[in-house]
$ cat final.txt   # compact mmCIF, C-alpha atoms
# COMPACT_ATOMS: atom_id res chain seq x y z
CA MET X 1 1.48 -17.99 1.74
CA GLU X 2 1.30 -19.41 5.25
CA ARG X 3 0.57 -17.00 8.11
CA ARG X 4 3.90 -17.72 9.82
CA GLU X 5 5.85 -17.02 6.62
CA PHE X 6 4.00 -13.75 6.07
CA ILE X 7 4.68 -12.55 9.60
CA LEU X 8 8.38 -13.33 9.26
CA ALA X 9 8.60 -11.59 5.91
CA SER X 10 6.61 -8.49 6.83
CA SER X 11 6.44 -7.61 10.49
CA GLY X 12 9.54 -9.35 11.79
CA TYR X 13 11.79 -8.61 8.85
CA ALA X 14 10.78 -4.99 8.38
CA LEU X 15 10.78 -4.07 12.04
CA SER X 16 14.03 -5.82 12.87
CA ALA X 17 15.60 -3.86 10.02
CA LEU X 18 14.75 -0.58 11.74
CA GLY X 19 17.97 -0.74 13.74
CA LEU X 20 20.13 -2.23 11.01
CA PRO X 21 20.54 0.21 8.08
CA ASP X 22 24.19 0.97 7.44
CA MET X 23 24.21 4.66 6.67
CA ASP X 24 27.77 4.46 5.32
CA SER X 25 27.02 1.84 2.68
CA ILE X 26 26.45 4.36 -0.11
CA THR X 27 29.73 6.09 0.79
CA ARG X 28 31.52 2.76 0.43
CA ARG X 29 29.85 2.11 -2.91
CA THR X 30 31.29 5.36 -4.27
CA LYS X 31 34.76 3.91 -3.64
CA THR X 32 34.24 0.29 -4.65
CA ALA X 33 32.32 0.34 -7.93
CA LEU X 34 33.53 -2.35 -10.29
CA PRO X 35 35.71 -1.46 -13.30
CA GLY X 36 33.52 -0.71 -16.29
CA ALA X 37 30.56 0.34 -14.16
CA VAL X 38 28.39 3.06 -15.73
CA ARG X 39 28.67 6.63 -14.51
CA VAL X 40 25.48 7.84 -12.88
CA GLY X 41 24.41 11.43 -12.32
CA GLN X 42 21.32 13.45 -11.56
CA GLY X 43 20.02 12.77 -15.06
CA GLU X 44 19.51 9.10 -14.19
CA VAL X 45 17.89 10.06 -10.89
CA ALA X 46 15.47 12.37 -12.74
CA ALA X 47 14.69 9.55 -15.19
CA VAL X 48 13.72 7.18 -12.37
CA ARG X 49 11.50 9.81 -10.79
CA HIS X 50 9.84 10.55 -14.12
CA MET X 51 9.11 6.86 -14.69
CA VAL X 52 7.67 6.50 -11.19
CA LYS X 53 5.25 9.34 -11.93
CA ALA X 54 4.30 8.07 -15.38
CA LEU X 55 3.76 4.48 -14.26
CA GLY X 56 2.07 5.59 -11.06
CA ASP X 57 -0.37 7.80 -12.97
CA SER X 58 -1.22 4.87 -15.24
CA ALA X 59 -1.78 2.52 -12.32
CA SER X 60 -3.94 5.07 -10.49
CA GLU X 61 -6.14 5.38 -13.55
CA LEU X 62 -6.34 1.77 -14.75
CA GLY X 63 -5.23 -0.39 -11.82
CA GLY X 64 -1.99 -2.02 -10.77
CA GLY X 65 -2.41 -4.95 -13.15
CA HIS X 66 -1.93 -2.85 -16.29
CA ALA X 67 1.73 -1.85 -16.20
CA ARG X 68 3.51 -3.77 -13.44
CA HIS X 69 5.64 -5.68 -15.94
CA LEU X 70 6.88 -2.35 -17.32
CA ALA X 71 7.93 -1.17 -13.86
CA VAL X 72 9.72 -4.44 -13.14
CA ARG X 73 11.47 -4.47 -16.52
CA TYR X 74 12.68 -0.91 -16.08
CA LEU X 75 13.88 -1.74 -12.59
CA THR X 76 15.80 -4.86 -13.55
CA GLN X 77 17.14 -3.83 -16.95
CA ASP X 78 18.00 -0.16 -16.40
CA VAL X 79 17.96 0.93 -12.78
CA ALA X 80 19.81 -2.12 -11.47
CA LEU X 81 22.85 -1.17 -13.58
CA TRP X 82 22.81 2.35 -12.17
CA LEU X 83 22.70 1.08 -8.60
CA GLU X 84 26.01 -0.70 -9.27
CA GLY X 85 27.51 2.28 -11.10
CA HIS X 86 29.90 5.13 -10.28
CA PHE X 87 28.20 8.01 -8.43
CA THR X 88 28.90 10.64 -5.83
CA GLU X 89 27.50 10.19 -2.33
CA ALA X 90 24.81 12.83 -2.89
CA THR X 91 23.76 11.26 -6.18
CA GLY X 92 23.82 7.82 -4.59
CA ARG X 93 21.41 8.85 -1.86
CA ASP X 94 19.08 10.46 -4.42
CA LEU X 95 19.28 7.38 -6.64
CA PHE X 96 18.50 4.99 -3.79
CA ALA X 97 15.58 7.18 -2.70
CA ALA X 98 14.14 7.32 -6.22
CA THR X 99 14.60 3.57 -6.62
CA SER X 100 12.82 3.03 -3.30
CA GLN X 101 9.81 4.78 -4.80
CA LEU X 102 9.95 2.63 -7.94
CA VAL X 103 10.20 -0.59 -5.92
CA HIS X 104 7.36 0.55 -3.67
CA LEU X 105 5.24 1.24 -6.76
CA ALA X 106 5.97 -2.28 -8.05
CA GLY X 107 4.83 -3.64 -4.70
CA TRP X 108 1.62 -1.62 -4.80
CA MET X 109 0.98 -2.81 -8.36
CA ALA X 110 1.45 -6.45 -7.37
CA GLN X 111 -0.87 -6.00 -4.38
CA ASP X 112 -3.50 -4.32 -6.55
CA GLU X 113 -3.21 -6.83 -9.39
CA GLY X 114 -4.64 -9.83 -7.62
CA ASP X 115 -5.18 -11.72 -4.40
CA THR X 116 -2.95 -14.75 -4.94
CA PRO X 117 -0.13 -16.11 -2.75
CA GLU X 118 2.40 -15.29 -5.48
CA LEU X 119 1.32 -11.65 -5.85
CA ARG X 120 1.03 -11.17 -2.08
CA GLY X 121 4.54 -12.53 -1.68
CA LEU X 122 5.86 -10.27 -4.42
CA ALA X 123 4.25 -7.22 -2.87
CA GLN X 124 5.67 -7.82 0.60
CA ARG X 125 9.16 -8.44 -0.77
CA TYR X 126 9.01 -5.24 -2.81
CA TYR X 127 7.84 -3.25 0.22
CA ALA X 128 10.59 -4.70 2.40
CA HIS X 129 13.21 -3.94 -0.26
CA SER X 130 11.80 -0.43 -0.71
CA PHE X 131 12.30 0.10 3.00
CA ARG X 132 15.94 -0.99 2.88
CA LEU X 133 16.68 1.28 -0.08
CA ALA X 134 15.04 4.23 1.67
CA ALA X 135 16.93 3.51 4.88
CA GLU X 136 20.24 3.44 2.99
CA ALA X 137 19.29 6.74 1.37
CA GLY X 138 18.64 8.18 4.82
CA ASP X 139 15.04 9.12 3.97
CA PRO X 140 12.71 8.48 6.95
CA GLU X 141 9.58 9.48 5.03
CA LEU X 142 10.18 6.92 2.30
CA SER X 143 11.10 4.35 4.95
CA ALA X 144 7.84 4.94 6.80
CA THR X 145 5.84 4.80 3.57
CA ALA X 146 7.32 1.40 2.75
CA LEU X 147 6.33 0.14 6.20
CA ARG X 148 2.86 1.54 5.59
CA GLY X 149 2.60 -0.68 2.51
CA LEU X 150 3.28 -3.70 4.70
CA ALA X 151 0.80 -2.47 7.30
CA VAL X 152 -1.98 -2.06 4.74
CA GLN X 153 -1.26 -5.54 3.38
CA CYS X 154 -1.55 -6.94 6.91
CA VAL X 155 -4.90 -5.17 7.30
CA ASP X 156 -6.16 -6.61 4.01
CA LEU X 157 -5.10 -10.13 5.01
CA GLY X 158 -6.49 -9.92 8.52
CA TYR X 159 -3.17 -9.95 10.42
CA ARG X 160 -4.38 -7.50 13.02
CA ALA X 161 -1.56 -7.52 15.55
CA GLU X 162 1.07 -7.20 12.82
CA ALA X 163 -0.85 -4.33 11.22
CA ILE X 164 -0.93 -2.47 14.54
CA GLN X 165 2.79 -3.04 15.06
CA LEU X 166 3.71 -1.74 11.62
CA GLY X 167 1.26 1.16 11.92
CA GLU X 168 2.90 2.21 15.18
CA ALA X 169 6.29 2.15 13.47
CA CYS X 170 4.95 4.47 10.74
CA VAL X 171 3.63 6.90 13.34
CA GLU X 172 6.96 6.86 15.16
CA TYR X 173 8.70 7.94 11.95
CA GLY X 174 6.05 10.60 11.39
CA ARG X 175 6.79 12.30 14.69
CA HIS X 176 10.17 13.37 13.32
CA LEU X 177 8.90 14.74 10.00
CA ASP X 178 8.01 18.33 9.18
CA ASN X 179 5.29 17.24 6.78
CA PRO X 180 1.67 17.33 8.02
CA ARG X 181 0.40 15.19 5.16
CA ALA X 182 2.89 12.46 5.98
CA VAL X 183 1.82 12.59 9.62
CA ALA X 184 -1.84 12.33 8.55
CA TYR X 185 -0.93 9.39 6.27
CA TYR X 186 0.67 7.36 9.03
CA GLU X 187 -1.83 8.28 11.75
CA ALA X 188 -4.69 7.19 9.48
CA THR X 189 -2.84 3.93 8.80
CA LEU X 190 -2.70 3.16 12.51
CA ALA X 191 -6.33 4.24 12.96
CA ASN X 192 -7.36 1.84 10.19
CA ALA X 193 -5.39 -1.02 11.72
CA ALA X 194 -6.92 -0.33 15.13
CA ALA X 195 -10.44 -0.21 13.66
CA GLN X 196 -9.86 -3.59 12.01
CA ASP X 197 -8.73 -4.85 15.43
CA ASP X 198 -11.98 -3.51 16.95
CA ASP X 199 -10.01 -1.13 19.17
CA ARG X 200 -12.37 1.85 19.05
CA ARG X 201 -10.39 3.92 21.52
CA MET X 202 -7.11 3.67 19.61
CA ALA X 203 -8.81 4.09 16.23
CA THR X 204 -10.68 7.21 17.34
CA ARG X 205 -7.59 8.79 18.88
CA HIS X 206 -5.38 8.30 15.85
CA LEU X 207 -8.14 9.27 13.42
CA ALA X 208 -8.44 12.58 15.29
CA LEU X 209 -4.67 13.07 15.11
CA SER X 210 -4.74 12.42 11.37
CA GLU X 211 -7.58 14.91 10.93
CA THR X 212 -5.61 17.58 12.79
CA ALA X 213 -2.57 16.93 10.59
CA ILE X 214 -4.43 16.93 7.27
CA GLY X 215 -5.97 20.28 8.19
CA LYS X 216 -2.58 21.96 8.44
CA PRO X 217 -0.94 23.74 5.47
CA PRO X 218 1.05 21.16 3.49
CA ALA X 219 4.81 21.26 3.34
CA ALA X 220 6.52 21.66 -0.01
CA ILE X 221 5.41 18.78 -2.22
CA GLY X 222 8.07 16.09 -2.22
CA ASP X 223 8.55 12.78 -3.98
CA SER X 224 7.10 10.42 -1.40
CA TRP X 225 3.57 9.10 -1.73
CA ALA X 226 2.98 10.58 1.72
CA ALA X 227 3.56 14.07 0.32
CA HIS X 228 0.66 13.46 -2.06
CA TYR X 229 -1.78 12.26 0.61
CA SER X 230 -4.55 14.67 -0.28
CA PRO X 231 -7.58 15.73 1.77
CA GLY X 232 -9.64 13.68 -0.68
CA ARG X 233 -7.68 10.51 0.01
CA TRP X 234 -7.89 11.23 3.72
CA ALA X 235 -11.67 11.71 3.51
CA HIS X 236 -12.05 8.33 1.79
CA GLU X 237 -9.84 6.46 4.23
CA SER X 238 -11.38 8.11 7.27
CA GLY X 239 -14.87 7.39 5.92
CA MET X 240 -14.12 3.69 5.78
CA ILE X 241 -12.62 3.76 9.28
CA LEU X 242 -15.80 5.40 10.56
CA SER X 243 -17.86 2.80 8.72
CA ARG X 244 -15.91 0.05 10.44
CA LEU X 245 -16.59 1.76 13.78
CA GLY X 246 -20.33 1.84 13.00
CA ASP X 247 -20.73 5.61 12.51
CA LEU X 248 -22.47 5.31 9.15
CA ASP X 249 -23.76 8.88 8.92
CA ALA X 250 -20.27 10.32 9.42
CA ALA X 251 -18.87 7.71 7.04
CA GLU X 252 -21.29 8.78 4.30
CA ASP X 253 -20.43 12.44 4.85
CA HIS X 254 -16.71 11.69 4.49
CA LEU X 255 -17.20 9.60 1.34
CA HIS X 256 -19.28 12.37 -0.25
CA LEU X 257 -16.50 14.78 0.66
CA ALA X 258 -13.94 12.48 -0.95
CA LEU X 259 -15.93 12.48 -4.20
CA ASP X 260 -16.34 16.25 -4.17
CA ILE X 261 -12.70 17.16 -3.49
CA HIS X 262 -10.46 17.72 -6.50
CA GLY X 263 -7.76 15.09 -6.80
CA LEU X 264 -9.87 11.93 -6.69
CA ASP X 265 -10.66 12.01 -10.39
CA ARG X 266 -8.65 8.89 -11.27
CA ARG X 267 -11.03 6.23 -12.51
CA ARG X 268 -9.73 3.47 -10.23
CA THR X 269 -9.85 5.67 -7.14
CA ARG X 270 -13.26 7.11 -7.91
CA ALA X 271 -14.68 3.66 -8.64
CA ILE X 272 -13.55 2.35 -5.25
CA VAL X 273 -15.01 5.35 -3.38
CA LEU X 274 -18.34 4.93 -5.20
CA ALA X 275 -18.39 1.21 -4.39
CA ASP X 276 -17.72 1.96 -0.72
CA LEU X 277 -20.39 4.67 -0.62
CA GLY X 278 -22.94 2.28 -2.12
CA GLY X 279 -22.16 -0.25 0.60
CA VAL X 280 -22.54 2.34 3.35
CA ARG X 281 -25.88 3.53 1.93
CA LEU X 282 -27.17 -0.03 1.81
CA ARG X 283 -26.22 -0.55 5.46
CA GLN X 284 -28.20 2.60 6.27
CA GLY X 285 -31.27 1.13 4.59
CA ASP X 286 -31.13 3.48 1.61
CA VAL X 287 -31.55 0.85 -1.09
CA ASP X 288 -32.37 3.31 -3.89
CA GLY X 289 -29.38 5.47 -2.97
CA ALA X 290 -27.12 2.44 -2.89
CA MET X 291 -28.21 1.27 -6.33
CA ALA X 292 -27.84 4.73 -7.83
CA THR X 293 -24.30 4.97 -6.43
CA TRP X 294 -23.41 1.48 -7.61
CA SER X 295 -24.62 2.40 -11.10
CA GLU X 296 -22.03 5.20 -11.12
CA PHE X 297 -19.47 2.73 -9.81
CA LEU X 298 -20.07 0.41 -12.76
CA ASP X 299 -19.60 3.32 -15.17
CA CYS X 300 -16.10 3.83 -13.71
CA ALA X 301 -15.09 0.19 -13.19
CA ASP X 302 -15.02 -1.21 -16.72
CA GLY X 303 -11.49 -2.03 -17.90
CA ILE X 304 -9.77 -1.43 -14.54
CA ARG X 305 -7.41 -4.24 -13.49
CA SER X 306 -7.55 -3.92 -9.72
CA VAL X 307 -8.23 -6.57 -7.10
CA LYS X 308 -10.08 -3.95 -5.04
CA VAL X 309 -12.41 -3.14 -7.91
CA GLN X 310 -13.02 -6.83 -8.59
CA ALA X 311 -13.71 -7.45 -4.89
CA ALA X 312 -16.15 -4.52 -4.88
CA LEU X 313 -17.96 -5.96 -7.91
CA GLN X 314 -18.32 -9.32 -6.21
CA ASP X 315 -19.46 -7.72 -2.96
CA MET X 316 -22.10 -5.70 -4.78
CA ARG X 317 -23.40 -8.72 -6.69
CA VAL X 318 -23.75 -10.78 -3.51
CA ARG X 319 -25.49 -8.02 -1.58
CA LEU X 320 -27.98 -7.45 -4.39
CA ARG X 321 -29.12 -11.09 -4.35
CA ARG X 322 -31.55 -10.29 -1.55
CA TYR X 323 -33.35 -7.95 -3.98
CA ASP X 324 -33.94 -10.48 -6.77
CA GLY X 325 -37.47 -9.18 -7.28
CA VAL X 326 -36.27 -5.62 -7.91
CA PRO X 327 -35.60 -4.99 -11.63
CA GLU X 328 -32.97 -2.31 -10.91
CA ALA X 329 -31.01 -4.74 -8.75
CA GLN X 330 -31.02 -7.44 -11.42
CA GLU X 331 -29.94 -4.88 -14.02
CA LEU X 332 -26.95 -3.92 -11.84
CA ARG X 333 -25.97 -7.56 -11.39
CA ASP X 334 -26.16 -8.12 -15.14
CA ARG X 335 -24.03 -5.03 -15.81
CA ALA X 336 -21.49 -6.12 -13.20
CA ALA X 337 -21.14 -9.50 -14.90
CA ARG X 338 -20.15 -7.74 -18.13
CA VAL X 339 -17.48 -5.51 -16.55
CA THR X 340 -14.01 -6.37 -17.83
CA GLY X 341 -10.78 -5.94 -15.92
$ encode --input "final.txt" --output "structure tokens"
Amino acid sequence: MERREFILASSGYALSALGLPDMDSITRRTKTALPGAVRVGQGEVAAVRHMVKALGDSASELGGGHARHLAVRYLTQDVALWLEGHFTEATGRDLFAATSQLVHLAGWMAQDEGDTPELRGLAQRYYAHSFRLAAEAGDPELSATALRGLAVQCVDLGYRAEAIQLGEACVEYGRHLDNPRAVAYYEATLANAAAQDDDRRMATRHLALSETAIGKPPAAIGDSWAAHYSPGRWAHESGMILSRLGDLDAAEDHLHLALDIHGLDRRRTRAIVLADLGGVRLRQGDVDGAMATWSEFLDCADGIRSVKVQAALQDMRVRLRRYDGVPEAQELRDRAARVTG
């Protein structure tokens, strides 16, 4: 996808929509459903939420490439009919919110499945649509989380200014939420975007704000991904921000913390943290430590269909070429070549 097209689809489209959601649209839908439309209640809402959890758990364990087609099929063949059905206003808002989560999950799956123009385009369209559904439902946390998906995609693709803009929008939403984990989620997003833009001052300030927020008692666990932003996930993300800023000792400490905290026991997540820790150790000159960590990474990585895991495998192989005379390095490269995903 061309840079100009991406900017229009992500930054411009999502941010211009901030002032556009029609908060009465669900009310109108309760009065204008077509004859023969299915009746929808809280049972259907609960079903969508259950599927989001089940599919999300699978993707967290095995990567976004494993079950995306199931999420899309469920969305198009089941949930789409409910969105056009008969429902009360309260049920409609709950249904749109739950569907926003499902669409966001589909976007994350597409983004994690592979680094192709088609999958990147799918991911950004899903995130933008997730935002519009959340906005119609009147859920600022889900809206901000959808924008975060676009911000992270901009970071991954190197669109620095757009990532900053979207990260700032997430933080603005977070200021109005009584959920410290959501605040930490969005502040860390902006810190990451700023670090990628080599803005140390902004990155450091927002990283500190995210640390303050993640240290507060969590609000009641909700449905948004932001509500599940754990201290372990924060430690991993902050570790990589610190690595980008050149503070390798602090980065290593944070990555060790991420591995030690309960909640990062999903194979995909743990594999990525181990890969990142190996890279940080190598940059510190700890070659033996890096290879030992990468050996653990390979134990986790086999069978995971994730573009991040595949990128980490390639990065490791390339970095180990300088140690061709070291048997352990060649063994790791040989193992990496046999990893399936």
$ closest_residue --input "final.txt" --among "X:Ala271, X:Leu207, X:Ala235, X:Leu105" --to "Ala311 of chain X" --atoms "all atoms listed in the file"
X:Ala271
$ atom_distance --input "final.txt" --atom1 "atom CA of Gly63 of chain X" --atom2 "atom CA of Arg268 of chain X"
6.1 Å
$ residues_around --input "final.txt" --residues "Tyr74 of chain X" --least-positions-apart "5" --cutoff "9 Å" --atoms "all atoms listed in the file" --output "NGL selection string"
:X and (48 or 51 or 69 or 79-80)
$ atom_distance --input "final.txt" --atom1 "atom CA of Arg319 of chain X" --atom2 "atom CA of Cys300 of chain X"
19.4 Å
$ residues_around --input "final.txt" --residues "Asp197 of chain X" --least-positions-apart "5" --cutoff "12 Å" --atoms "all atoms listed in the file" --output "list in words"
Cys154, Val155, Asp156, Gly158, Tyr159, Arg160, Ala161, Glu162, Ala163, Ile164, Gln165, Leu190, Ala191, Asn192, Met202, Ala203, Ile241, Arg244 and Leu245 of chain X
$ closest_residue --input "final.txt" --among "X:Ala134, X:Ala258, X:Leu177, X:Ala219" --to "Asp94 of chain X" --atoms "all atoms listed in the file"
X:Ala134
$ axis_aligned_box --input "final.txt" --around "segment 207-214 of chain X" --padding-each-side "8 Å" --output "JSON"
{"center_x": -5.5, "center_y": 13.4, "center_z": 11.3, "size_x": 21.9, "size_y": 24.3, "size_z": 24.0}
$ atom_distance --input "final.txt" --atom1 "atom CA of Gly43 of chain X" --atom2 "atom CA of Gln77 of chain X"
17.0 Å
$ closest_residue --input "final.txt" --among "X:Leu282, X:Ala226, X:Leu242, X:Leu95" --to "Thr145 of chain X" --atoms "all atoms listed in the file"
X:Ala226
$ closest_residue --input "final.txt" --among "X:Arg73, X:Leu157, X:Arg281, X:Ser143" --to "Ala169 of chain X" --atoms "only C-alpha atoms"
X:Ser143
$ residues_around --input "final.txt" --residues "Leu259 of chain X" --least-positions-apart "6" --cutoff "9 Å" --atoms "all atoms listed in the file" --output "JSON, numbers by chain"
{"X": [232, 235, 236, 265, 270, 273, 274]}
$ closest_residue --input "final.txt" --among "X:Ile304, X:Ala106, X:Ala151, X:Ala182" --to "Val52 of chain X" --atoms "all atoms listed in the file"
X:Ala106
$ closest_residue --input "final.txt" --among "X:Tyr323, X:Ala194, X:Phe131, X:Arg233" --to "Val287 of chain X" --atoms "only C-alpha atoms"
X:Tyr323
$ residues_around --input "final.txt" --residues "Val103 of chain X" --least-positions-apart "4" --cutoff "9 Å" --atoms "all atoms listed in the file" --output "PyMOL selection string"
chain X and resi 71-72+75+98-99+107-108+126-127+129-130+133
$ write_last_selection --input "final.txt" --atoms "C-alpha atoms" --output "compact mmCIF listing (two decimals), in the coordinates of the input"
# COMPACT_ATOMS: atom_id res chain seq x y z
CA ALA X 71 7.93 -1.17 -13.86
CA VAL X 72 9.72 -4.44 -13.14
CA LEU X 75 13.88 -1.74 -12.59
CA ALA X 98 14.14 7.32 -6.22
CA THR X 99 14.60 3.57 -6.62
CA GLY X 107 4.83 -3.64 -4.70
CA TRP X 108 1.62 -1.62 -4.80
CA TYR X 126 9.01 -5.24 -2.81
CA TYR X 127 7.84 -3.25 0.22
CA HIS X 129 13.21 -3.94 -0.26
CA SER X 130 11.80 -0.43 -0.71
CA LEU X 133 16.68 1.28 -0.08
$ residues_around --input "final.txt" --residues "Ala213 of chain X" --least-positions-apart "5" --cutoff "12 Å" --atoms "only C-alpha atoms" --output "PyMOL selection string"
chain X and resi 174-175+177-188+206-208+218-219+229-231+234
$ write_last_selection --input "final.txt" --atoms "C-alpha atoms" --output "tab-separated table (two decimals), keeping the file's coordinate frame"
chain	number	residue	atom	x	y	z
X	174	GLY	CA	6.05	10.60	11.39
X	175	ARG	CA	6.79	12.30	14.69
X	177	LEU	CA	8.90	14.74	10.00
X	178	ASP	CA	8.01	18.33	9.18
X	179	ASN	CA	5.29	17.24	6.78
X	180	PRO	CA	1.67	17.33	8.02
X	181	ARG	CA	0.40	15.19	5.16
X	182	ALA	CA	2.89	12.46	5.98
X	183	VAL	CA	1.82	12.59	9.62
X	184	ALA	CA	-1.84	12.33	8.55
X	185	TYR	CA	-0.93	9.39	6.27
X	186	TYR	CA	0.67	7.36	9.03
X	187	GLU	CA	-1.83	8.28	11.75
X	188	ALA	CA	-4.69	7.19	9.48
X	206	HIS	CA	-5.38	8.30	15.85
X	207	LEU	CA	-8.14	9.27	13.42
X	208	ALA	CA	-8.44	12.58	15.29
X	218	PRO	CA	1.05	21.16	3.49
X	219	ALA	CA	4.81	21.26	3.34
X	229	TYR	CA	-1.78	12.26	0.61
X	230	SER	CA	-4.55	14.67	-0.28
X	231	PRO	CA	-7.58	15.73	1.77
X	234	TRP	CA	-7.89	11.23	3.72
$ decode --input "final.txt" --residues "segment 195-202 of chain X" --atoms "all heavy atoms" --output "CSV table (one decimal), in the first residue's frame"
chain,number,residue,atom,x,y,z
X,195,ALA,N,9.5,7.4,21.0
X,195,ALA,CA,10.8,6.8,20.9
X,195,ALA,C,11.2,6.5,19.5
X,195,ALA,O,12.3,6.7,19.1
X,195,ALA,CB,10.8,5.5,21.8
X,196,GLN,N,10.2,5.9,18.7
X,196,GLN,CA,10.5,5.6,17.3
X,196,GLN,C,10.8,6.9,16.5
X,196,GLN,O,11.5,6.9,15.5
X,196,GLN,CB,9.3,4.9,16.7
X,196,GLN,CG,9.0,3.5,17.3
X,196,GLN,CD,10.1,2.5,17.1
X,196,GLN,OE1,10.8,2.5,16.1
X,196,GLN,NE2,10.4,1.7,18.1
X,197,ASP,N,10.3,8.0,17.0
X,197,ASP,CA,10.5,9.3,16.3
X,197,ASP,C,11.8,10.0,16.9
X,197,ASP,O,12.0,11.2,16.6
X,197,ASP,CB,9.3,10.2,16.5
X,197,ASP,CG,9.2,11.4,15.6
X,197,ASP,OD1,9.7,11.2,14.4
X,197,ASP,OD2,8.8,12.5,15.9
X,198,ASP,N,12.5,9.3,17.8
X,198,ASP,CA,13.7,9.8,18.4
X,198,ASP,C,13.5,11.1,19.2
X,198,ASP,O,14.4,11.9,19.4
X,198,ASP,CB,14.8,10.1,17.3
X,198,ASP,CG,15.2,8.8,16.6
X,198,ASP,OD1,15.3,7.8,17.2
X,198,ASP,OD2,15.4,8.9,15.4
X,199,ASP,N,12.3,11.2,19.8
X,199,ASP,CA,11.9,12.3,20.7
X,199,ASP,C,12.1,11.8,22.1
X,199,ASP,O,11.1,11.3,22.7
X,199,ASP,CB,10.5,12.8,20.4
X,199,ASP,CG,10.2,14.1,21.1
X,199,ASP,OD1,10.8,14.3,22.2
X,199,ASP,OD2,9.3,14.8,20.7
X,200,ARG,N,13.3,11.8,22.6
X,200,ARG,CA,13.6,11.3,24.0
X,200,ARG,C,12.7,12.0,25.0
X,200,ARG,O,12.2,11.3,26.0
X,200,ARG,CB,15.0,11.4,24.3
X,200,ARG,CG,15.4,11.1,25.7
X,200,ARG,CD,16.9,11.2,26.0
X,200,ARG,NE,17.6,10.0,25.3
X,200,ARG,CZ,17.8,8.8,25.9
X,200,ARG,NH1,17.3,8.6,27.2
X,200,ARG,NH2,18.4,7.9,25.3
X,201,ARG,N,12.6,13.3,24.9
X,201,ARG,CA,11.9,14.0,26.0
X,201,ARG,C,10.4,13.6,26.1
X,201,ARG,O,9.9,13.3,27.1
X,201,ARG,CB,12.0,15.5,25.7
X,201,ARG,CG,11.3,16.4,26.8
X,201,ARG,CD,11.5,17.8,26.4
X,201,ARG,NE,10.9,18.7,27.4
X,201,ARG,CZ,10.9,20.0,27.4
X,201,ARG,NH1,11.6,20.6,26.4
X,201,ARG,NH2,10.3,20.7,28.3
X,202,MET,N,9.7,13.5,24.9
X,202,MET,CA,8.3,13.1,24.9
X,202,MET,C,8.2,11.6,25.4
X,202,MET,O,7.3,11.3,26.1
X,202,MET,CB,7.7,13.3,23.5
X,202,MET,CG,6.3,12.8,23.4
X,202,MET,SD,5.6,12.9,21.8
X,202,MET,CE,5.0,14.6,21.8
